$ cat final.cif   # mmCIF, C-alpha atoms
data_final
#
loop_
_atom_site.label_atom_id
_atom_site.label_comp_id
_atom_site.auth_asym_id
_atom_site.auth_seq_id
_atom_site.Cartn_x
_atom_site.Cartn_y
_atom_site.Cartn_z
CA MET A 1 0.00 0.00 0.00
CA VAL A 2 1.22 3.48 -0.84
CA ALA A 3 0.57 6.25 1.67
CA VAL A 4 -0.01 9.47 -0.21
CA LYS A 5 -1.15 12.86 1.06
CA GLU A 6 -4.08 14.08 -1.00
CA PHE A 7 -4.23 17.61 -2.37
CA SER A 8 -7.18 19.31 -3.98
CA TRP A 9 -6.69 20.95 -7.36
CA GLU A 10 -7.53 24.24 -5.65
CA GLU A 11 -4.57 23.78 -3.28
CA ILE A 12 -2.19 22.86 -6.08
CA SER A 13 -3.20 25.74 -8.32
CA ALA A 14 -3.27 28.40 -5.58
CA PRO A 15 -0.71 31.22 -5.90
CA ASP A 16 0.52 30.48 -2.37
CA PHE A 17 1.11 26.78 -3.06
CA GLY A 18 4.22 26.43 -0.88
CA ALA A 19 7.51 24.74 -1.62
CA ASP A 20 6.88 22.07 1.04
CA THR A 21 3.50 21.22 -0.42
CA ARG A 22 4.90 21.25 -3.96
CA GLN A 23 7.68 18.87 -2.92
CA ALA A 24 5.18 16.58 -1.18
CA PHE A 25 2.98 16.53 -4.29
CA ARG A 26 5.92 15.74 -6.57
CA ALA A 27 7.08 13.02 -4.17
CA ALA A 28 3.58 11.48 -4.14
CA VAL A 29 3.48 11.45 -7.95
CA ALA A 30 6.95 9.85 -8.05
CA THR A 31 5.85 7.19 -5.55
CA VAL A 32 2.80 6.27 -7.61
CA ALA A 33 4.96 6.17 -10.75
CA ALA A 34 7.58 3.92 -9.13
CA THR A 35 4.90 1.51 -7.94
CA ALA A 36 3.26 1.45 -11.38
CA LYS A 37 6.61 0.74 -13.07
CA GLU A 38 7.28 -2.11 -10.64
CA LYS A 39 3.85 -3.68 -11.13
CA LEU A 40 3.71 -3.12 -14.90
CA PRO A 41 7.20 -3.40 -16.38
CA GLU A 42 5.67 -3.76 -19.84
CA SER A 43 4.51 -0.14 -19.69
CA ASN A 44 7.10 0.92 -22.30
CA GLY A 45 7.47 4.51 -21.11
CA ARG A 46 3.77 5.17 -20.53
CA VAL A 47 4.29 5.68 -16.79
CA GLU A 48 6.92 8.37 -17.37
CA LYS A 49 4.62 10.10 -19.87
CA ALA A 50 1.72 9.93 -17.42
CA MET A 51 3.89 11.43 -14.70
CA ALA A 52 4.85 14.29 -17.02
CA LEU A 53 1.18 14.99 -17.76
CA VAL A 54 0.33 15.24 -14.07
CA LEU A 55 3.32 17.41 -13.18
CA ALA A 56 2.58 19.74 -16.11
CA GLY A 57 -0.97 20.30 -14.85
CA ASP A 58 -2.48 18.68 -17.94
CA VAL A 59 -4.98 16.59 -15.96
CA VAL A 60 -8.28 18.21 -14.95
CA LEU A 61 -10.41 16.08 -12.65
CA GLY A 62 -14.14 16.06 -13.25
CA GLU A 63 -17.12 14.60 -11.47
CA ALA A 64 -17.91 10.91 -11.04
CA HIS A 65 -14.32 9.67 -11.54
CA THR A 66 -13.89 11.38 -14.90
CA ALA A 67 -11.08 13.59 -16.12
CA THR A 68 -9.94 15.59 -19.09
CA VAL A 69 -6.32 14.99 -20.03
CA TYR A 70 -4.67 17.35 -22.46
CA SER A 71 -2.39 16.09 -25.22
CA GLN A 72 1.36 16.57 -24.87
CA ALA A 73 1.72 16.72 -28.66
CA ASP A 74 -1.23 18.93 -29.61
CA ALA A 75 -2.37 21.74 -27.31
CA GLY A 76 -5.80 21.73 -28.94
CA THR A 77 -6.50 18.07 -28.21
CA SER A 78 -7.84 16.56 -25.01
CA TYR A 79 -9.00 13.10 -24.02
CA THR A 80 -11.91 11.98 -21.88
CA VAL A 81 -10.95 9.47 -19.21
CA ARG A 82 -13.23 7.46 -16.94
CA PRO A 83 -12.82 4.04 -15.31
CA GLY A 84 -12.25 1.50 -18.07
CA PHE A 85 -12.14 4.05 -20.90
CA CYS A 86 -9.99 6.68 -22.57
CA SER A 87 -10.78 8.36 -25.86
CA CYS A 88 -7.13 8.29 -27.05
CA LYS A 89 -5.97 6.04 -29.89
CA ASP A 90 -3.47 4.22 -27.61
CA PHE A 91 -6.11 2.96 -25.17
CA ASP A 92 -6.95 -0.24 -27.08
CA GLN A 93 -3.27 -1.00 -27.80
CA ALA A 94 -1.84 -0.34 -24.32
CA PRO A 95 -1.15 -3.36 -22.09
CA GLY A 96 -4.29 -3.92 -20.02
CA GLN A 97 -5.84 -0.84 -21.70
CA LEU A 98 -3.77 1.32 -19.36
CA CYS A 99 -2.70 4.18 -21.60
CA LYS A 100 -0.71 7.06 -20.12
CA HIS A 101 -3.91 9.06 -19.60
CA VAL A 102 -5.57 6.37 -17.48
CA ARG A 103 -2.50 5.64 -15.33
CA PHE A 104 -2.61 8.71 -13.11
CA VAL A 105 -6.27 9.55 -13.33
CA HIS A 106 -7.15 6.11 -11.97
CA PRO A 107 -3.95 4.87 -10.29
CA LYS A 108 -5.82 2.27 -8.24
CA LEU A 109 -6.34 0.39 -11.50
CA VAL A 110 -2.55 0.17 -11.73
CA ILE A 111 -1.34 -0.33 -8.16
CA SER A 112 -4.11 -2.09 -6.30
#

$ encode --input "final.cif" --output "structure tokens"
Amino acid sequence: MVAVKEFSWEEISAPDFGADTRQAFRAAVATVAATAKEKLPESNGRVEKAMALVLAGDVVLGEAHTATVYSQADAGTSYTVRPGFCSCKDFDQAPGQLCKHVRFVHPKLVIS
């Protein structure tokens, strides 16, 4: 089990988001990434790409376990993510249908 402090998006995006909190957030993301890499060695770089998306702020959480994840390659493109689904073209090809967009939006699918 991974112990991770939870932060709201409001906390993370606040102008006074402190260095200690920022470091804790980055450490939590790194911990989830390390666990995902260990459990899914066939990920072929998807975990690192997912981590970059989260750290860049390209994941916007929605209601009912949904999220919008913005493309790293095309600023005008976003993907809809919900449990068991992502609208990206890699979703059906990714091992276990765990594309980089799904990995950090629903990490319990990866590390449970």

$ resolve_selection --input "final.cif" --expression "the PyMOL selection byres ((chain A and resi 72) around 9)" --output "number ranges by chain"
A: 49, 52-53, 58, 70-71, 73-75, 77

$ atom_distance --input "final.cif" --atom1 "atom CA of Ala24 of chain A" --atom2 "atom CA of Ser8 of chain A"
13.0 Å

$ atom_distance --input "final.cif" --atom1 "atom CA of Lys37 of chain A" --atom2 "atom CA of Lys89 of chain A"
21.7 Å

$ resolve_selection --input "final.cif" --expression "the PyMOL selection byres ((chain A and resi 65-68) around 10)" --output "list in words"
Asp58, Val59, Val60, Leu61, Gly62, Glu63, Ala64, Val69, Tyr70, Ser71, Ser78, Tyr79, Thr80, Val81, Arg82, Pro83, Phe85, Cys86, Ser87, His101, Val102, Val105 and His106 of chain A

$ atom_distance --input "final.cif" --atom1 "atom CA of Leu98 of chain A" --atom2 "atom CA of Glu10 of chain A"
27.0 Å

$ build_atoms --input "final.cif" --residues "segment 47-63 of chain A" --atoms "N, CA and C atoms" --output "compact mmCIF listing (two decimals), in the coordinates of the input"
# COMPACT_ATOMS: atom_id res chain seq x y z
N VAL A 47 4.32 5.14 -18.16
CA VAL A 47 4.29 5.68 -16.79
C VAL A 47 5.01 7.02 -16.74
N GLU A 48 6.18 7.11 -17.36
CA GLU A 48 6.92 8.37 -17.37
C GLU A 48 6.11 9.47 -18.07
N LYS A 49 5.44 9.12 -19.15
CA LYS A 49 4.62 10.10 -19.87
C LYS A 49 3.43 10.53 -19.02
N ALA A 50 2.84 9.59 -18.30
CA ALA A 50 1.72 9.93 -17.42
C ALA A 50 2.18 10.87 -16.31
N MET A 51 3.34 10.58 -15.75
CA MET A 51 3.89 11.43 -14.70
C MET A 51 4.12 12.84 -15.22
N ALA A 52 4.63 12.97 -16.43
CA ALA A 52 4.85 14.29 -17.02
C ALA A 52 3.54 15.05 -17.20
N LEU A 53 2.49 14.35 -17.60
CA LEU A 53 1.18 14.99 -17.76
C LEU A 53 0.68 15.56 -16.43
N VAL A 54 0.80 14.79 -15.38
CA VAL A 54 0.33 15.24 -14.07
C VAL A 54 1.15 16.43 -13.59
N LEU A 55 2.47 16.33 -13.67
CA LEU A 55 3.32 17.41 -13.18
C LEU A 55 3.18 18.68 -13.99
N ALA A 56 2.78 18.56 -15.26
CA ALA A 56 2.58 19.74 -16.11
C ALA A 56 1.21 20.38 -15.88
N GLY A 57 0.36 19.75 -15.08
CA GLY A 57 -0.97 20.30 -14.85
C GLY A 57 -1.94 20.02 -15.98
N ASP A 58 -1.65 18.99 -16.78
CA ASP A 58 -2.48 18.68 -17.94
C ASP A 58 -3.60 17.68 -17.64
N VAL A 59 -3.90 17.48 -16.37
CA VAL A 59 -4.98 16.59 -15.96
C VAL A 59 -5.98 17.42 -15.16
N VAL A 60 -7.22 17.47 -15.64
CA VAL A 60 -8.28 18.21 -14.95
C VAL A 60 -9.32 17.20 -14.50
N LEU A 61 -9.46 17.05 -13.19
CA LEU A 61 -10.41 16.08 -12.65
C LEU A 61 -11.83 16.61 -12.76
N GLY A 62 -12.73 15.72 -13.13
CA GLY A 62 -14.14 16.06 -13.25
C GLY A 62 -14.95 15.33 -12.19
N GLU A 63 -16.24 15.28 -12.40
CA GLU A 63 -17.12 14.60 -11.47
C GLU A 63 -17.21 13.12 -11.81
